[in-house]
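Heads up, data27.txt below (compact mmCIF, C-alpha atoms):
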# COMPACT_ATOMS: atom_id res chain seq x y z
CA MET W 1 -48.59 -37.05 9.73
CA GLU W 2 -45.83 -36.12 12.07
CA THR W 3 -43.38 -35.40 9.25
CA PRO W 4 -44.26 -33.82 5.91
CA LEU W 5 -44.71 -35.96 2.83
CA ARG W 6 -41.41 -36.57 1.03
CA LEU W 7 -41.80 -36.69 -2.72
CA GLU W 8 -38.82 -37.66 -4.87
CA ILE W 9 -39.33 -37.38 -8.63
CA GLU W 10 -36.67 -38.27 -11.15
CA GLY W 11 -36.86 -37.80 -14.91
CA ILE W 12 -40.05 -35.70 -15.14
CA LYS W 13 -41.13 -32.26 -14.02
CA PRO W 14 -43.40 -32.48 -10.95
CA SER W 15 -46.84 -30.98 -11.35
CA ALA W 16 -49.38 -29.68 -8.87
CA HIS W 17 -51.89 -32.26 -10.15
CA LEU W 18 -49.49 -35.15 -9.46
CA ARG W 19 -48.75 -33.87 -5.96
CA GLU W 20 -52.48 -33.48 -5.28
CA ILE W 21 -53.19 -37.09 -6.33
CA ILE W 22 -50.39 -38.37 -4.09
CA GLU W 23 -51.56 -36.28 -1.13
CA ASN W 24 -55.14 -37.54 -1.60
CA ASN W 25 -53.94 -41.15 -1.62
CA VAL W 26 -51.91 -40.57 1.56
CA GLU W 27 -54.94 -38.98 3.24
CA LYS W 28 -57.07 -42.03 2.33
CA LEU W 29 -54.49 -44.36 3.88
CA GLU W 30 -54.22 -42.18 6.97
CA HIS W 31 -57.99 -42.06 7.36
CA ARG W 32 -58.28 -45.84 6.99
CA PHE W 33 -55.37 -46.97 9.16
CA GLY W 34 -55.05 -44.26 11.76
CA ARG W 35 -52.00 -42.16 12.21
CA ILE W 36 -49.24 -42.40 9.64
CA THR W 37 -46.05 -40.92 11.05
CA ALA W 38 -44.17 -40.55 7.75
CA CYS W 39 -44.60 -41.22 4.05
CA ARG W 40 -42.08 -41.11 1.23
CA VAL W 41 -42.96 -41.53 -2.44
CA ALA W 42 -40.32 -41.99 -5.14
CA ILE W 43 -41.19 -41.79 -8.84
CA GLN W 44 -38.71 -42.68 -11.53
CA ALA W 45 -39.61 -41.95 -15.15
CA PRO W 46 -38.36 -44.11 -18.01
CA ASP W 47 -35.07 -43.11 -19.63
CA GLY W 48 -35.18 -40.23 -22.10
CA HIS W 49 -35.61 -41.98 -25.44
CA HIS W 50 -37.63 -44.91 -24.05
CA ARG W 51 -40.65 -42.99 -22.83
CA MET W 52 -43.37 -44.55 -24.99
CA GLY W 53 -44.81 -47.57 -23.20
CA GLU W 54 -41.95 -47.99 -20.74
CA PRO W 55 -43.12 -48.32 -17.13
CA TYR W 56 -42.82 -45.67 -14.45
CA LYS W 57 -41.34 -46.96 -11.21
CA VAL W 58 -43.30 -45.78 -8.18
CA SER W 59 -42.24 -46.76 -4.67
CA VAL W 60 -44.04 -45.89 -1.44
CA TRP W 61 -42.65 -46.16 2.10
CA ILE W 62 -45.03 -45.68 5.03
CA SER W 63 -44.19 -45.51 8.73
CA LEU W 64 -46.78 -46.26 11.41
CA PRO W 65 -46.29 -45.75 15.15
CA GLY W 66 -44.75 -48.81 16.77
CA HIS W 67 -44.14 -50.62 13.47
CA ARG W 68 -41.28 -50.92 11.07
CA GLU W 69 -41.51 -49.06 7.80
CA ILE W 70 -43.70 -50.68 5.15
CA GLY W 71 -42.30 -50.43 1.64
CA VAL W 72 -44.08 -50.95 -1.66
CA LYS W 73 -41.82 -51.35 -4.67
CA PRO W 74 -42.75 -51.41 -8.37
CA PRO W 75 -44.03 -54.76 -9.66
CA LYS W 76 -41.38 -56.99 -11.21
CA ALA W 77 -43.66 -58.39 -13.89
CA SER W 78 -44.03 -56.06 -16.84
CA ASP W 79 -47.45 -54.46 -17.10
CA ARG W 80 -48.06 -52.06 -19.98
CA ARG W 81 -50.47 -50.08 -17.83
CA GLN W 82 -47.50 -48.95 -15.72
CA GLY W 83 -46.54 -46.75 -18.70
CA ASP W 84 -49.27 -44.33 -17.57
CA LEU W 85 -48.01 -42.22 -14.66
CA MET W 86 -51.38 -41.83 -12.95
CA PHE W 87 -52.07 -45.56 -13.16
CA ALA W 88 -48.61 -46.34 -11.73
CA VAL W 89 -49.12 -43.93 -8.80
CA ASN W 90 -52.62 -45.21 -7.98
CA ASP W 91 -51.50 -48.83 -8.33
CA ALA W 92 -48.63 -48.25 -5.89
CA PHE W 93 -51.08 -46.87 -3.34
CA ARG W 94 -53.48 -49.79 -3.91
CA ARG W 95 -50.61 -52.16 -3.16
CA ALA W 96 -49.71 -50.09 -0.06
CA ASP W 97 -53.32 -50.31 1.10
CA ARG W 98 -53.23 -54.11 0.70
CA GLN W 99 -49.99 -54.41 2.67
CA LEU W 100 -51.33 -52.21 5.45
CA ARG W 101 -54.57 -54.25 5.63
CA ASP W 102 -52.52 -57.45 5.89
CA LYS W 103 -50.28 -55.91 8.57
CA VAL W 104 -53.27 -54.81 10.64
CA ALA W 105 -54.93 -58.22 10.23
CA ARG W 106 -51.79 -60.02 11.42
CA THR W 107 -51.47 -57.78 14.47
CA LYS W 108 -55.11 -58.53 15.34
CA GLY W 109 -54.54 -62.26 14.92
CA ARG W 110 -56.47 -62.66 11.66
CA PRO W 111 -55.08 -64.24 8.51
CA PRO W 112 -53.94 -61.87 5.75
CA THR W 113 -56.28 -61.03 2.88
CA LEU W 114 -56.53 -63.77 0.30
CA ARG W 115 -54.97 -62.84 -3.00
CA PRO W 116 -56.61 -63.97 -6.22
CA LEU W 117 -54.75 -66.47 -8.35
CA PRO W 118 -53.00 -64.94 -11.38
CA GLN W 119 -54.84 -65.31 -14.65
CA ILE W 120 -53.01 -67.36 -17.25
Taking this structure as input, can you express it in the form of structure tokens?
Amino acid sequence: METPLRLEIEGIKPSAHLREIIENNVEKLEHRFGRITACRVAIQAPDGHHRMGEPYKVSVWISLPGHREIGVKPPKASDRRQGDLMFAVNDAFRRADRQLRDKVARTKGRPPTLRPLPQI
């Protein structure tokens, strides 16, 4: 990356393990999609007395050369799995991977990846 990873964490103490997981996910994206010029990750923990089961909010913004910034925001639908910090971080990077794949497909003239229908 041209600029260092920006990590913004609110409400919890950052750990070396968390930073390592985020850096590994960024490296995977960079390996898969070529050069990433910048990446910013924002993590917001649940409010103080609502920690049990409340979701973490993880957002990822990625900049590629010649493209506008791609942003991945937390899902709007409530998912109890988002209450686990590691799941929330990995899920945000899975969604970033999907958006980058769709962006690359559109620039190459292919249709975006088909998304499965939601289970009812």
Listing only residues of stretch 3-43 of chain W within 9 Å of stretch 68-88 of chain W, what is the closest atom pair and its distance in Å (to one decimal) for each, using only C-alpha atoms, sorted by chain and residue number ascending, as a Markdown table?
| residue | atom | partner | partner_atom | distance |
| --- | --- | --- | --- | --- |
| W:Leu18 | CA | W:Met86 | CA | 7.8 |
| W:Ile21 | CA | W:Met86 | CA | 8.3 |
| W:Ala38 | CA | W:Glu69 | CA | 8.9 |
| W:Ile43 | CA | W:Leu85 | CA | 9.0 |
For this session: Provide the atom CA of W:Ile36 to atom CA of W:Leu64 distance in Å, to one decimal place.
Result: 4.9 Å
Problem set entry | Which of W:Lys57, W:Arg94, W:Arg40, W:Lys13 sits closest to W:Lys28 [using all atoms listed in the file] |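 The answer is W:Arg94, which sits nearest to W:Lys28.
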For this session: Could you tell me which of W:Asn90, W:Arg19, W:Arg101, W:Gly109 comes closest to W:Phe33 if we count all atoms listed in the file?
Result: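 When distances to W:Phe33 are compared using all atoms listed in the file, the smallest one comes from W:Arg101.
Across the structure, atom CA of W:Val89 and atom CA of W:Glu8 are spaced 12.7 Å apart.
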What's around W:Glu23 at 12 Å? Count all atoms listed in the file, leave out sequence neighbours fewer than 6 positions away in its own chain, and write the answer as a PDB file with C-alpha atoms, keeping the file's coordinate frame.
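Resulting contents of part.pdb:
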ATOM      1  CA  MET W   1     -48.590 -37.050   9.730  1.00  0.00           C
ATOM      2  CA  PRO W   4     -44.260 -33.820   5.910  1.00  0.00           C
ATOM      3  CA  LEU W   5     -44.710 -35.960   2.830  1.00  0.00           C
ATOM      4  CA  ARG W   6     -41.410 -36.570   1.030  1.00  0.00           C
ATOM      5  CA  LEU W   7     -41.800 -36.690  -2.720  1.00  0.00           C
ATOM      6  CA  ALA W  16     -49.380 -29.680  -8.870  1.00  0.00           C
ATOM      7  CA  HIS W  17     -51.890 -32.260 -10.150  1.00  0.00           C
ATOM      8  CA  LEU W  29     -54.490 -44.360   3.880  1.00  0.00           C
ATOM      9  CA  GLU W  30     -54.220 -42.180   6.970  1.00  0.00           C
ATOM     10  CA  CYS W  39     -44.600 -41.220   4.050  1.00  0.00           C
ATOM     11  CA  ARG W  40     -42.080 -41.110   1.230  1.00  0.00           C
ATOM     12  CA  VAL W  41     -42.960 -41.530  -2.440  1.00  0.00           C
ATOM     13  CA  VAL W  89     -49.120 -43.930  -8.800  1.00  0.00           C
ATOM     14  CA  ASN W  90     -52.620 -45.210  -7.980  1.00  0.00           C
ATOM     15  CA  PHE W  93     -51.080 -46.870  -3.340  1.00  0.00           C
TER      16      PHE W  93
END
For this session: State, in Å with one decimal place, the distance from atom CA of W:Ala42 to atom CA of W:Glu10.
Result: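 Atom-to-atom, atom CA of W:Ala42 and atom CA of W:Glu10 are spaced 8.0 Å apart.
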Once 8 Å is added on each side, what are the centre and the three edge lengths, in Å to one decimal, of the axis-aligned box enclosing the listed atoms of stretch 3-22 of chain W? Present them as lines of an AutoDock Vina configuration file.
center_x = -44.9
center_y = -34.0
center_z = -2.9
size_x = 32.5
size_y = 24.7
size_z = 40.4
Exercise. Could you name the residues that touch W:Thr37 at 7 Å or less, counting all atoms listed in the file, but leaving out those on the same chain fewer than 2 positions away, as a list of chain:residue names?
Worked result: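 Selected residues are W:Met1, W:Glu2, W:Thr3, W:Arg35, W:Ser63, W:Leu64, W:Pro65.
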Exercise. With distances taken over only C-alpha atoms, which of W:Lys108, W:Val60, W:Gly66, W:Ile9 is nearest to W:Ala45?
Worked result: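 Among W:Lys108, W:Val60, W:Gly66, W:Ile9, it is W:Ile9 that comes nearest to W:Ala45.
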Using the incomplete input, complete stretch 49-73 of chain W to the level of N, CA and C atoms; output as a PDB file, in the frame of the given file.
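Contents of result17.pdb, as written:
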ATOM      1  N   HIS W  49     -35.095 -41.576 -24.135  1.00  0.00           N
ATOM      2  CA  HIS W  49     -35.610 -41.980 -25.440  1.00  0.00           C
ATOM      3  C   HIS W  49     -36.502 -43.219 -25.383  1.00  0.00           C
ATOM      4  N   HIS W  50     -36.759 -43.736 -24.202  1.00  0.00           N
ATOM      5  CA  HIS W  50     -37.630 -44.910 -24.050  1.00  0.00           C
ATOM      6  C   HIS W  50     -38.916 -44.567 -23.327  1.00  0.00           C
ATOM      7  N   ARG W  51     -39.470 -43.415 -23.581  1.00  0.00           N
ATOM      8  CA  ARG W  51     -40.650 -42.990 -22.830  1.00  0.00           C
ATOM      9  C   ARG W  51     -41.937 -43.690 -23.257  1.00  0.00           C
ATOM     10  N   MET W  52     -42.107 -43.978 -24.514  1.00  0.00           N
ATOM     11  CA  MET W  52     -43.370 -44.550 -24.990  1.00  0.00           C
ATOM     12  C   MET W  52     -43.534 -45.988 -24.533  1.00  0.00           C
ATOM     13  N   GLY W  53     -44.478 -46.214 -23.628  1.00  0.00           N
ATOM     14  CA  GLY W  53     -44.810 -47.570 -23.200  1.00  0.00           C
ATOM     15  C   GLY W  53     -43.921 -48.130 -22.111  1.00  0.00           C
ATOM     16  N   GLU W  54     -42.810 -47.492 -21.808  1.00  0.00           N
ATOM     17  CA  GLU W  54     -41.950 -47.990 -20.740  1.00  0.00           C
ATOM     18  C   GLU W  54     -42.597 -47.667 -19.392  1.00  0.00           C
ATOM     19  N   PRO W  55     -42.435 -48.532 -18.409  1.00  0.00           N
ATOM     20  CA  PRO W  55     -43.120 -48.320 -17.130  1.00  0.00           C
ATOM     21  C   PRO W  55     -42.464 -47.252 -16.258  1.00  0.00           C
ATOM     22  N   TYR W  56     -43.300 -46.553 -15.510  1.00  0.00           N
ATOM     23  CA  TYR W  56     -42.820 -45.670 -14.450  1.00  0.00           C
ATOM     24  C   TYR W  56     -42.593 -46.559 -13.232  1.00  0.00           C
ATOM     25  N   LYS W  57     -41.616 -46.206 -12.434  1.00  0.00           N
ATOM     26  CA  LYS W  57     -41.340 -46.960 -11.210  1.00  0.00           C
ATOM     27  C   LYS W  57     -41.748 -46.092 -10.035  1.00  0.00           C
ATOM     28  N   VAL W  58     -42.783 -46.527  -9.319  1.00  0.00           N
ATOM     29  CA  VAL W  58     -43.300 -45.780  -8.180  1.00  0.00           C
ATOM     30  C   VAL W  58     -43.142 -46.633  -6.926  1.00  0.00           C
ATOM     31  N   SER W  59     -42.435 -46.085  -5.953  1.00  0.00           N
ATOM     32  CA  SER W  59     -42.240 -46.760  -4.670  1.00  0.00           C
ATOM     33  C   SER W  59     -42.834 -45.917  -3.560  1.00  0.00           C
ATOM     34  N   VAL W  60     -43.414 -46.581  -2.568  1.00  0.00           N
ATOM     35  CA  VAL W  60     -44.040 -45.890  -1.440  1.00  0.00           C
ATOM     36  C   VAL W  60     -43.519 -46.535  -0.152  1.00  0.00           C
ATOM     37  N   TRP W  61     -43.064 -45.692   0.780  1.00  0.00           N
ATOM     38  CA  TRP W  61     -42.650 -46.160   2.100  1.00  0.00           C
ATOM     39  C   TRP W  61     -43.516 -45.450   3.129  1.00  0.00           C
ATOM     40  N   ILE W  62     -44.116 -46.223   4.019  1.00  0.00           N
ATOM     41  CA  ILE W  62     -45.030 -45.680   5.030  1.00  0.00           C
ATOM     42  C   ILE W  62     -44.561 -46.128   6.408  1.00  0.00           C
ATOM     43  N   SER W  63     -44.542 -45.194   7.343  1.00  0.00           N
ATOM     44  CA  SER W  63     -44.190 -45.510   8.730  1.00  0.00           C
ATOM     45  C   SER W  63     -45.421 -45.313   9.607  1.00  0.00           C
ATOM     46  N   LEU W  64     -45.693 -46.314  10.435  1.00  0.00           N
ATOM     47  CA  LEU W  64     -46.780 -46.260  11.410  1.00  0.00           C
ATOM     48  C   LEU W  64     -46.170 -46.288  12.802  1.00  0.00           C
ATOM     49  N   PRO W  65     -46.844 -45.712  13.802  1.00  0.00           N
ATOM     50  CA  PRO W  65     -46.290 -45.750  15.150  1.00  0.00           C
ATOM     51  C   PRO W  65     -46.140 -47.189  15.648  1.00  0.00           C
ATOM     52  N   GLY W  66     -44.980 -47.494  16.195  1.00  0.00           N
ATOM     53  CA  GLY W  66     -44.750 -48.810  16.770  1.00  0.00           C
ATOM     54  C   GLY W  66     -44.485 -49.917  15.775  1.00  0.00           C
ATOM     55  N   HIS W  67     -44.385 -49.606  14.489  1.00  0.00           N
ATOM     56  CA  HIS W  67     -44.140 -50.620  13.470  1.00  0.00           C
ATOM     57  C   HIS W  67     -42.935 -50.221  12.629  1.00  0.00           C
ATOM     58  N   ARG W  68     -42.340 -51.215  12.018  1.00  0.00           N
ATOM     59  CA  ARG W  68     -41.280 -50.920  11.070  1.00  0.00           C
ATOM     60  C   ARG W  68     -41.880 -50.310   9.811  1.00  0.00           C
ATOM     61  N   GLU W  69     -41.052 -49.699   9.031  1.00  0.00           N
ATOM     62  CA  GLU W  69     -41.510 -49.060   7.800  1.00  0.00           C
ATOM     63  C   GLU W  69     -42.019 -50.110   6.816  1.00  0.00           C
ATOM     64  N   ILE W  70     -43.123 -49.804   6.156  1.00  0.00           N
ATOM     65  CA  ILE W  70     -43.700 -50.680   5.150  1.00  0.00           C
ATOM     66  C   ILE W  70     -43.335 -50.108   3.789  1.00  0.00           C
ATOM     67  N   GLY W  71     -42.729 -50.906   2.947  1.00  0.00           N
ATOM     68  CA  GLY W  71     -42.300 -50.430   1.640  1.00  0.00           C
ATOM     69  C   GLY W  71     -43.018 -51.153   0.519  1.00  0.00           C
ATOM     70  N   VAL W  72     -43.437 -50.397  -0.476  1.00  0.00           N
ATOM     71  CA  VAL W  72     -44.080 -50.950  -1.660  1.00  0.00           C
ATOM     72  C   VAL W  72     -43.215 -50.576  -2.846  1.00  0.00           C
ATOM     73  N   LYS W  73     -42.685 -51.584  -3.515  1.00  0.00           N
ATOM     74  CA  LYS W  73     -41.820 -51.350  -4.670  1.00  0.00           C
ATOM     75  C   LYS W  73     -42.583 -51.632  -5.950  1.00  0.00           C
TER      76      LYS W  73
END
